[in-house]
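Asks: Please find final-v9.cif (mmCIF, C-alpha atoms) on the next line:
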```
data_data
loop_
_atom_site.label_atom_id
_atom_site.label_comp_id
_atom_site.auth_asym_id
_atom_site.auth_seq_id
_atom_site.Cartn_x
_atom_site.Cartn_y
_atom_site.Cartn_z
CA MET A 1 -15.45 103.03 304.72
CA SER A 2 -18.29 102.25 302.37
CA TYR A 3 -16.22 103.03 299.28
CA ALA A 4 -14.25 99.87 300.03
CA ARG A 5 -16.41 97.38 298.12
CA TYR A 6 -16.13 99.40 294.90
CA VAL A 7 -12.37 99.63 295.33
CA TYR A 8 -12.24 95.84 295.79
CA VAL A 9 -14.17 95.32 292.55
CA TRP A 10 -11.77 97.71 290.79
CA ILE A 11 -8.75 95.77 292.14
CA ALA A 12 -10.35 92.52 290.95
CA LEU A 13 -10.83 94.05 287.49
CA LEU A 14 -7.18 95.12 287.31
CA VAL A 15 -5.99 91.69 288.49
CA LEU A 16 -8.12 90.02 285.80
CA THR A 17 -6.61 92.38 283.21
CA ALA A 18 -3.11 91.41 284.34
CA ILE A 19 -4.01 87.70 284.10
CA THR A 20 -5.49 88.10 280.63
CA VAL A 21 -2.42 89.97 279.31
CA THR A 22 -0.12 87.31 280.78
CA THR A 23 -2.20 84.49 279.32
CA ALA A 24 -2.08 86.09 275.88
CA GLY A 25 1.72 86.31 276.15
CA LEU A 26 2.00 82.56 276.62
CA ASN A 27 0.86 81.75 273.05
CA ILE A 28 -1.08 78.64 273.97
CA GLY A 29 -3.31 78.76 270.92
CA ARG A 30 -7.02 78.04 270.99
CA VAL A 31 -7.20 77.44 274.75
CA GLY A 32 -5.74 80.91 275.22
CA ILE A 33 -8.57 82.45 273.16
CA ILE A 34 -11.17 80.75 275.34
CA ILE A 35 -9.46 81.86 278.57
CA VAL A 36 -9.09 85.46 277.34
CA LEU A 37 -12.75 85.65 276.28
CA ALA A 38 -13.93 84.04 279.52
CA ILE A 39 -12.00 86.65 281.51
CA ALA A 40 -13.58 89.43 279.41
CA ALA A 41 -17.02 87.95 280.20
CA GLY A 42 -16.10 87.76 283.89
CA LYS A 43 -14.93 91.37 283.92
CA SER A 44 -18.13 92.66 282.31
CA THR A 45 -20.18 90.62 284.78
CA LEU A 46 -18.37 92.38 287.63
CA VAL A 47 -19.07 95.78 286.05
CA LEU A 48 -22.73 94.91 285.42
CA LEU A 49 -23.38 93.53 288.90
CA TRP A 50 -21.45 96.01 291.03
CA PHE A 51 -20.83 99.22 289.10
CA MET A 52 -24.15 99.15 287.23
CA HIS A 53 -25.94 97.89 290.35
CA LEU A 54 -27.73 94.98 288.70
CA ARG A 55 -26.94 93.00 291.85
CA THR A 56 -29.37 95.08 293.89
CA GLU A 57 -31.82 95.85 291.06
CA LYS A 58 -35.36 95.25 292.34
CA ARG A 59 -37.18 95.17 288.99
CA LEU A 60 -37.07 91.48 288.09
CA LEU A 61 -37.81 92.09 284.40
CA LEU A 62 -34.76 94.32 284.07
CA LYS A 63 -32.64 91.89 286.02
CA LEU A 64 -33.52 89.13 283.54
CA LEU A 65 -33.59 91.28 280.40
CA VAL A 66 -29.89 92.05 280.43
CA PRO A 67 -28.49 88.50 280.80
CA ILE A 68 -31.05 87.14 278.30
CA SER A 69 -30.14 89.76 275.68
CA ILE A 70 -26.44 89.14 276.13
CA ALA A 71 -26.92 85.36 275.99
CA THR A 72 -28.92 85.73 272.75
CA LEU A 73 -26.18 87.82 271.18
CA ALA A 74 -23.53 85.33 272.35
CA ILE A 75 -25.51 82.47 270.76
CA PHE A 76 -25.84 84.39 267.46
CA ILE A 77 -22.13 85.10 267.29
CA GLY A 78 -21.17 81.63 268.52
CA LEU A 79 -23.40 79.79 266.04
CA THR A 80 -22.30 81.94 263.09
CA TYR A 81 -18.68 81.36 264.03
CA THR A 82 -19.04 77.58 264.27
CA ASP A 83 -20.97 77.60 260.98
CA ILE A 84 -18.12 79.39 259.20
CA LEU A 85 -15.48 77.21 260.81
CA THR A 86 -17.15 73.93 259.80
CA ARG A 87 -18.02 74.88 256.20
CA MET B 1 -32.09 103.75 279.76
CA TRP B 2 -31.39 100.03 279.77
CA LEU B 3 -33.22 99.58 276.49
CA PHE B 4 -30.96 102.20 274.94
CA LEU B 5 -27.91 100.43 276.38
CA LEU B 6 -29.07 97.12 274.91
CA SER B 7 -29.48 98.74 271.49
CA GLU B 8 -25.90 100.00 271.84
CA ILE B 9 -24.76 96.47 272.64
CA LEU B 10 -26.48 95.30 269.45
CA ILE B 11 -24.62 97.90 267.34
CA PHE B 12 -21.29 96.66 268.61
CA GLY B 13 -22.58 93.07 268.63
CA GLY B 14 -23.10 93.32 264.87
CA LEU B 15 -19.53 94.53 264.44
CA PHE B 16 -18.24 91.74 266.66
CA LEU B 17 -20.07 89.29 264.40
CA VAL B 18 -18.38 90.75 261.32
CA TYR B 19 -15.06 90.50 263.15
CA ALA B 20 -15.69 86.85 264.06
CA MET B 21 -16.55 85.95 260.45
CA TYR B 22 -13.54 87.61 258.85
CA ARG B 23 -11.30 86.26 261.57
CA ALA B 24 -12.48 82.73 260.80
CA LYS B 25 -11.77 83.33 257.09
CA HIS B 26 -8.32 84.90 257.51
CA PRO B 27 -6.86 83.59 260.78
CA ALA B 28 -3.21 83.99 259.72
CA ASP B 29 -3.64 87.56 258.44
CA PHE B 30 -5.51 88.57 261.59
CA HIS B 31 -2.71 87.09 263.66
CA ALA B 32 -0.02 88.98 261.73
CA ALA B 33 -1.95 92.25 261.83
CA SER B 34 -2.71 92.06 265.55
CA LEU B 35 1.02 91.87 266.25
CA GLU B 36 1.31 95.40 264.81
CA LEU B 37 -0.74 96.82 267.67
CA SER B 38 0.95 98.02 270.83
CA ARG B 39 -0.08 95.68 273.60
CA PHE B 40 1.28 98.14 276.14
CA ASP B 41 -0.96 100.98 274.90
CA GLY B 42 -3.98 98.69 274.94
CA THR B 43 -3.29 97.49 278.49
CA LEU B 44 -2.68 101.04 279.69
CA ASN B 45 -5.96 102.19 278.19
CA THR B 46 -7.79 99.26 279.77
CA ALA B 47 -6.46 100.26 283.21
CA ILE B 48 -7.38 103.91 282.58
CA LEU B 49 -10.94 103.06 281.56
CA LEU B 50 -11.47 100.63 284.45
CA THR B 51 -10.30 103.31 286.88
CA SER B 52 -12.64 105.85 285.29
CA SER B 53 -15.50 103.42 285.90
CA LEU B 54 -14.51 103.28 289.58
CA THR B 55 -14.53 107.08 289.93
CA ALA B 56 -17.90 107.20 288.10
CA VAL B 57 -19.52 104.77 290.52
CA LEU B 58 -17.95 106.57 293.51
CA ALA B 59 -19.38 109.88 292.21
CA ILE B 60 -22.89 108.41 292.19
CA PHE B 61 -22.41 106.73 295.57
CA SER B 62 -21.18 109.99 297.13
CA LEU B 63 -24.35 111.77 296.06
CA GLN B 64 -26.97 109.06 296.55
CA GLU B 65 -25.75 107.47 299.79
CA LEU B 66 -23.50 110.07 301.43
CA ASN B 67 -25.09 113.29 300.11
CA LYS B 68 -21.68 114.89 299.48
CA PRO B 69 -22.08 116.84 296.21
CA ARG B 70 -18.58 118.35 296.36
CA ARG B 71 -17.03 114.90 296.45
CA THR B 72 -19.30 113.86 293.58
CA ALA B 73 -18.05 116.82 291.58
CA TRP B 74 -14.42 115.83 292.16
CA PHE B 75 -15.06 112.21 291.20
CA LEU B 76 -16.88 113.32 288.05
CA ALA B 77 -13.99 115.61 287.13
CA ALA B 78 -11.59 112.67 287.64
CA THR B 79 -13.75 110.44 285.42
CA ILE B 80 -13.74 113.05 282.64
CA GLY B 81 -9.97 113.39 283.08
CA PHE B 82 -9.46 109.63 282.70
CA GLY B 83 -11.66 109.70 279.61
CA PHE B 84 -9.41 112.37 278.17
CA ALA B 85 -6.29 110.36 279.06
CA PHE B 86 -7.78 107.37 277.23
CA LEU B 87 -8.29 109.49 274.12
CA VAL B 88 -4.73 110.86 274.30
CA VAL B 89 -3.27 107.33 274.37
CA LYS B 90 -5.63 106.36 271.53
CA ALA B 91 -4.51 109.38 269.52
CA PHE B 92 -0.85 108.40 269.89
CA GLU B 93 -1.69 104.84 268.87
CA TRP B 94 -3.61 105.91 265.80
CA GLY B 95 -0.88 108.40 264.96
CA ALA B 96 1.70 105.60 264.96
CA LYS B 97 -0.52 103.51 262.68
CA PHE B 98 -0.89 106.42 260.25
CA GLN B 99 2.88 106.93 260.22
CA HIS B 100 3.38 103.29 259.27
CA GLY B 101 0.84 103.69 256.48
CA LEU B 102 -1.64 101.40 258.17
CA TYR B 103 -4.88 103.27 257.64
CA PRO B 104 -7.84 102.71 255.32
CA ARG B 105 -7.00 103.20 251.63
CA ALA B 106 -3.30 103.82 252.37
CA ALA B 107 -0.88 102.73 249.66
CA GLU B 108 1.22 100.71 252.11
CA LEU B 109 -1.79 98.87 253.49
CA GLY B 110 -2.91 98.10 249.94
CA THR B 111 0.15 95.89 249.46
CA ARG B 112 -0.78 93.73 252.46
CA PRO B 113 -2.82 90.53 252.28
CA HIS B 114 -6.58 90.84 252.09
CA GLY B 115 -7.14 89.72 255.69
CA GLU B 116 -4.84 92.41 257.10
CA ILE B 117 -6.71 95.11 255.19
CA LEU B 118 -9.96 93.80 256.68
CA TYR B 119 -8.38 93.69 260.14
CA PHE B 120 -7.29 97.31 260.08
CA GLY B 121 -10.63 98.38 258.59
CA LEU B 122 -12.38 96.74 261.52
CA TYR B 123 -9.80 98.08 263.97
CA PHE B 124 -10.39 101.68 262.92
CA THR B 125 -14.17 101.27 262.66
CA MET B 126 -14.64 99.63 266.05
CA THR B 127 -12.11 101.58 268.12
CA GLY B 128 -13.24 104.74 266.31
CA LEU B 129 -16.89 104.14 267.14
CA HIS B 130 -15.84 103.34 270.70
CA ALA B 131 -13.77 106.54 270.96
CA LEU B 132 -16.82 108.46 269.73
CA HIS B 133 -18.76 106.92 272.61
CA VAL B 134 -16.03 108.01 275.04
CA ILE B 135 -16.32 111.59 273.73
CA ILE B 136 -20.13 111.54 274.07
CA GLY B 137 -19.76 110.09 277.57
CA MET B 138 -17.37 112.90 278.51
CA VAL B 139 -19.85 115.52 277.26
CA VAL B 140 -22.69 113.89 279.24
CA LEU B 141 -20.53 113.68 282.38
CA SER B 142 -19.55 117.35 281.98
CA VAL B 143 -23.23 118.31 281.90
CA MET B 144 -23.73 116.21 285.05
CA LEU B 145 -20.79 117.98 286.69
CA ALA B 146 -22.43 121.35 285.94
CA TRP B 147 -25.75 120.04 287.28
CA VAL B 148 -24.19 118.83 290.52
CA LEU B 149 -22.40 122.16 291.03
CA GLY B 150 -25.58 124.08 290.17
CA LYS B 151 -27.68 121.92 292.52
CA LYS B 152 -29.76 120.66 289.60
CA ALA B 153 -28.73 117.10 290.45
CA THR B 154 -29.10 116.33 294.15
CA GLN B 155 -29.51 113.33 296.41
CA GLN B 156 -33.27 113.39 295.71
CA LYS B 157 -32.86 114.05 291.98
CA SER B 158 -30.04 111.77 290.93
CA ALA B 159 -31.66 109.71 288.15
CA ALA B 160 -29.89 111.61 285.36
CA LEU B 161 -26.51 111.18 287.04
CA GLU B 162 -27.18 107.47 287.50
CA ASN B 163 -28.04 107.06 283.81
CA ALA B 164 -24.90 108.95 282.80
CA GLY B 165 -22.96 106.50 284.96
CA LEU B 166 -24.65 103.52 283.30
CA TYR B 167 -23.68 104.85 279.89
CA TRP B 168 -20.08 105.29 280.98
CA HIS B 169 -19.90 101.74 282.34
CA LEU B 170 -21.31 100.39 279.08
CA VAL B 171 -18.53 102.14 277.17
CA ASP B 172 -16.13 100.43 279.58
CA ILE B 173 -17.69 96.99 278.95
CA ILE B 174 -17.40 97.42 275.17
CA TRP B 175 -13.70 98.18 275.60
CA ILE B 176 -13.33 95.11 277.86
CA PHE B 177 -14.20 93.05 274.76
CA LEU B 178 -12.44 95.18 272.13
CA PHE B 179 -9.16 94.96 274.02
CA PRO B 180 -8.67 91.15 273.94
CA LEU B 181 -10.12 90.79 270.43
CA PHE B 182 -7.75 93.27 268.80
CA TYR B 183 -4.70 93.32 271.06
CA LEU B 184 -4.46 89.91 272.71
CA ILE B 185 -5.86 87.16 270.52
CA SER B 186 -3.17 86.08 268.13
#
```
Please rewrite the model in this file as structure tokens.
Replies:
Amino acid sequence: MSYARYVYVWIALLVLTAITVTTAGLNIGRVGIIIVLAIAAGKSTLVLLWFMHLRTEKRLLLKLLVPISIATLAIFIGLTYTDILTR
Amino acid sequence: MWLFLLSEILIFGGLFLVYAMYRAKHPADFHAASLELSRFDGTLNTAILLTSSLTAVLAIFSLQELNKPRRTAWFLAATIGFGFAFLVVKAFEWGAKFQHGLYPRAAELGTRPHGEILYFGLYFTMTGLHALHVIIGMVVLSVMLAWVLGKKATQQKSAALENAGLYWHLVDIIWIFLFPLFYLIS
């Protein structure tokens, strides 16, 4: 059944959610924050590639535009955060 | 469509930036305030929204690849239903916060430390803006449902349905980040 791959992605997303909730319950401080955010990034990558079909997108510009925009935003937020933390 | 989605990401990106700054300034208050949220409600809503994304993609697949409009209609109806379920859970959550006096300009909240006031301001702004997106997504999906039933959206003319799906997935992605930032990180 060709629906199968989407169901697999959905199961993966739910498993990642379960992991992230468990990790947060452990109270392991700063490492926990990094793990939780990394899982959120992984989950959105799954949604972007499979559900939003970026994986099979043929227009190269579009394929690059999305990761570049997100990376730029991540750099903005990351740099501002480190700036505030080290003031 | 993708340009519009990127502009949406920037709107929320700006709010995430504000969140990151205030969090860095008031880590202890943010920690205390985040414990007030129901982790169960947040997890439940995450599962609901992820499932709604699955039914959305299956709706598009059923039309584009299998040419089964009836199935598409059912999947769309399920997606709208999950969207509604998400809003119901959200309504209960917000209701509980209002009962505890934790809403903007409430007297009870005014007695809390500065960081907690900021936290709940951001909480209501960001989840509120996100809920608004869920409502808009449900309206768009309802129009698509009518189009599929009325043969206005078909296997050959499925671009609008695809864009509606993209919008719905974006709303899902935003929640994927809102959930850990407000409910989990503490």
Asks: By how many Å are atom CA of Thr127 of chain B and atom CA of Thr86 of chain A apart?
Replies: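 Calculated distance between atom CA of Thr127 of chain B and atom CA of Thr86 of chain A is 29.3 Å.
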Asks: If the PyMOL selection byres ((chain A) within 6 of (chain B)) is run on the structure shown, which residues does it catch, given as an NGL selection string?
Replies: :A and (24 or 40 or 44 or 51-52 or 77)
Asks: Next, write the just-selected residues to a file, as a PDB file, in the frame of the given file, keeping C-alpha atoms as the atom set.
Replies:
```pdb
ATOM      1  CA  ALA A  24      -2.080  86.090 275.880  1.00  0.00           C
ATOM      2  CA  ALA A  40     -13.580  89.430 279.410  1.00  0.00           C
ATOM      3  CA  SER A  44     -18.130  92.660 282.310  1.00  0.00           C
ATOM      4  CA  PHE A  51     -20.830  99.220 289.100  1.00  0.00           C
ATOM      5  CA  MET A  52     -24.150  99.150 287.230  1.00  0.00           C
ATOM      6  CA  ILE A  77     -22.130  85.100 267.290  1.00  0.00           C
TER       7      ILE A  77
END
```
Asks: Which residues are close to His26 of chain B, i.e. within 12 Å by only C-alpha atoms, leaving aside same-chain residues fewer than 6 positions away? Reply as a PyMOL selection string.
Replies: (chain A and resi 84-85) or (chain B and resi 19-20+32-33+113-119+186)
Asks: So which residues are close to (-13.7, 103.3, 267.8), meaning at most 12 Å away in the file's coordinates with only C-alpha atoms counted, and can you show them as a list of chain:residue names?
Replies: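 Every polymer residue passing the test: B:Phe12, B:Leu15, B:Phe86, B:Leu87, B:Lys90, B:Ala91, B:Trp94, B:Phe120, B:Gly121, B:Leu122, B:Tyr123, B:Phe124, B:Thr125, B:Met126, B:Thr127, B:Gly128, B:Leu129, B:His130, B:Ala131, B:Leu132, B:His133, B:Val134, B:Ile135, B:Val171, B:Ile174, B:Trp175, B:Leu178, B:Phe179, B:Phe182.
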Asks: Find the spatial neighbours of Met138 of chain B, counting all atoms listed in the file, within a cut-off of 10 Å - ignore same-chain residues fewer than 3 positions away - and output them as a VMD selection string.
Replies: chain B and resid 76 to 77 79 to 84 132 to 135 141 to 144 164 168
Asks: Report the centre and edge lengths, in Å to one decimal, of an axis-aligned box enclosing every atom of segment 15-32 of chain A listed in the file, padded by 5 Å on each side, as lines of an AutoDock Vina configuration file.
Replies:
```
center_x = -3.1
center_y = 84.9
center_z = 279.7
size_x = 20.1
size_y = 24.9
size_z = 27.6
```
Asks: Just to confirm, what's the straight-line distance from atom CA of Leu54 of chain A to atom CA of Leu44 of chain B in Å (one decimal)?
Replies: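 Atom CA of Leu54 of chain A sits 27.3 Å away from atom CA of Leu44 of chain B.
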Asks: Can you list, as a PyMOL selection string, every protein, DNA or RNA residue that comes within 10 Å of Trp50 of chain A when you count only C-alpha atoms, leaving out same-chain residues fewer than 3 positions away?
Replies: (chain A and resi 5-6+9-10+44-47+53-56) or (chain B and resi 57)
Asks: Measuring between all atoms listed in the file, which one of A:Lys58, A:Arg87, A:Val36, A:Thr72 shows the shortest distance to Thr17 of chain A?
Replies: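 Of A:Lys58, A:Arg87, A:Val36, A:Thr72, the one nearest Thr17 of chain A is A:Val36, counting all atoms listed in the file.
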Asks: Distance atom CA of Ile28 of chain A-atom CA of Val15 of chain A, one decimal place?
Replies: 20.1 Å
Asks: Taking into account only C-alpha atoms, which residue in the set A:Lys43, A:Asn27, A:Pro67, A:Ile35 is nearest to Ile11 of chain A?
Replies: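 Counting only C-alpha atoms, the residue closest to Ile11 of chain A is A:Lys43.
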Asks: Starting from the shown file, work through the PyMOL selection byres ((chain B and resi 157) around 12) and note down what comes out as a ChimeraX atom specification.
Replies: /B:60,63-64,67,69,144,147-148,151-156,158-163
Asks: Step by step, work through what the PyMOL selection byres ((chain B and resi 102) around 10) selects in the shown file, and finish by giving those residues as a list in words.
Replies: Ala33, Glu36, Trp94, Gly95, Ala96, Lys97, Phe98, Gln99, His100, Gly101, Tyr103, Pro104, Arg105, Ala106, Ala107, Glu108, Leu109, Gly110, Arg112, Glu116, Ile117, Phe120, Gly121 and Phe124 of chain B
Asks: For segment 60-83 of chain B, where the input has fewer atoms than it should, I would like N, CA and C atoms rebuilt and written as a JSON list (two decimals), in the coordinates of the input.
Replies:
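Here's the written file result09.json:
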```json
[["chain", "number", "residue", "atom", "x", "y", "z"],
["B", 60, "ILE", "N", -21.46, 108.66, 291.96],
["B", 60, "ILE", "CA", -22.89, 108.41, 292.19],
["B", 60, "ILE", "C", -23.14, 108.03, 293.64],
["B", 61, "PHE", "N", -22.27, 107.18, 294.17],
["B", 61, "PHE", "CA", -22.41, 106.73, 295.57],
["B", 61, "PHE", "C", -22.31, 107.92, 296.52],
["B", 62, "SER", "N", -21.37, 108.83, 296.25],
["B", 62, "SER", "CA", -21.18, 109.99, 297.13],
["B", 62, "SER", "C", -22.42, 110.85, 297.19],
["B", 63, "LEU", "N", -23.15, 110.94, 296.06],
["B", 63, "LEU", "CA", -24.35, 111.77, 296.06],
["B", 63, "LEU", "C", -25.54, 111.02, 296.64],
["B", 64, "GLN", "N", -25.75, 109.79, 296.17],
["B", 64, "GLN", "CA", -26.97, 109.06, 296.55],
["B", 64, "GLN", "C", -26.93, 108.60, 298.00],
["B", 65, "GLU", "N", -25.80, 108.08, 298.45],
["B", 65, "GLU", "CA", -25.75, 107.47, 299.79],
["B", 65, "GLU", "C", -25.17, 108.43, 300.83],
["B", 66, "LEU", "N", -24.18, 109.23, 300.43],
["B", 66, "LEU", "CA", -23.50, 110.07, 301.43],
["B", 66, "LEU", "C", -23.95, 111.53, 301.39],
["B", 67, "ASN", "N", -24.64, 111.91, 300.29],
["B", 67, "ASN", "CA", -25.09, 113.29, 300.11],
["B", 67, "ASN", "C", -23.92, 114.28, 300.22],
["B", 68, "LYS", "N", -22.85, 114.00, 299.47],
["B", 68, "LYS", "CA", -21.68, 114.89, 299.48],
["B", 68, "LYS", "C", -21.43, 115.37, 298.05],
["B", 69, "PRO", "N", -22.18, 116.40, 297.62],
["B", 69, "PRO", "CA", -22.08, 116.84, 296.21],
["B", 69, "PRO", "C", -20.68, 117.29, 295.81],
["B", 70, "ARG", "N", -19.93, 117.89, 296.73],
["B", 70, "ARG", "CA", -18.58, 118.35, 296.36],
["B", 70, "ARG", "C", -17.70, 117.18, 295.96],
["B", 71, "ARG", "N", -17.80, 116.11, 296.77],
["B", 71, "ARG", "CA", -17.03, 114.90, 296.45],
["B", 71, "ARG", "C", -17.47, 114.35, 295.09],
["B", 72, "THR", "N", -18.78, 114.32, 294.86],
["B", 72, "THR", "CA", -19.30, 113.86, 293.58],
["B", 72, "THR", "C", -18.68, 114.65, 292.44],
["B", 73, "ALA", "N", -18.61, 115.97, 292.63],
["B", 73, "ALA", "CA", -18.05, 116.82, 291.58],
["B", 73, "ALA", "C", -16.60, 116.44, 291.30],
["B", 74, "TRP", "N", -15.82, 116.21, 292.35],
["B", 74, "TRP", "CA", -14.42, 115.83, 292.16],
["B", 74, "TRP", "C", -14.29, 114.50, 291.44],
["B", 75, "PHE", "N", -15.11, 113.52, 291.86],
["B", 75, "PHE", "CA", -15.06, 112.21, 291.20],
["B", 75, "PHE", "C", -15.46, 112.31, 289.74],
["B", 76, "LEU", "N", -16.46, 113.14, 289.45],
["B", 76, "LEU", "CA", -16.88, 113.32, 288.05],
["B", 76, "LEU", "C", -15.75, 113.94, 287.24],
["B", 77, "ALA", "N", -15.10, 114.96, 287.83],
["B", 77, "ALA", "CA", -13.99, 115.61, 287.13],
["B", 77, "ALA", "C", -12.89, 114.59, 286.85],
["B", 78, "ALA", "N", -12.61, 113.70, 287.84],
["B", 78, "ALA", "CA", -11.59, 112.67, 287.64],
["B", 78, "ALA", "C", -11.99, 111.73, 286.51],
["B", 79, "THR", "N", -13.27, 111.35, 286.47],
["B", 79, "THR", "CA", -13.75, 110.44, 285.42],
["B", 79, "THR", "C", -13.54, 111.06, 284.04],
["B", 80, "ILE", "N", -13.91, 112.36, 283.92],
["B", 80, "ILE", "CA", -13.74, 113.05, 282.64],
["B", 80, "ILE", "C", -12.25, 113.10, 282.29],
["B", 81, "GLY", "N", -11.42, 113.35, 283.30],
["B", 81, "GLY", "CA", -9.97, 113.39, 283.08],
["B", 81, "GLY", "C", -9.44, 112.06, 282.56],
["B", 82, "PHE", "N", -9.90, 110.95, 283.17],
["B", 82, "PHE", "CA", -9.46, 109.63, 282.70],
["B", 82, "PHE", "C", -9.93, 109.38, 281.27],
["B", 83, "GLY", "N", -11.15, 109.83, 280.97],
["B", 83, "GLY", "CA", -11.66, 109.70, 279.61],
["B", 83, "GLY", "C", -10.75, 110.41, 278.62]]
```
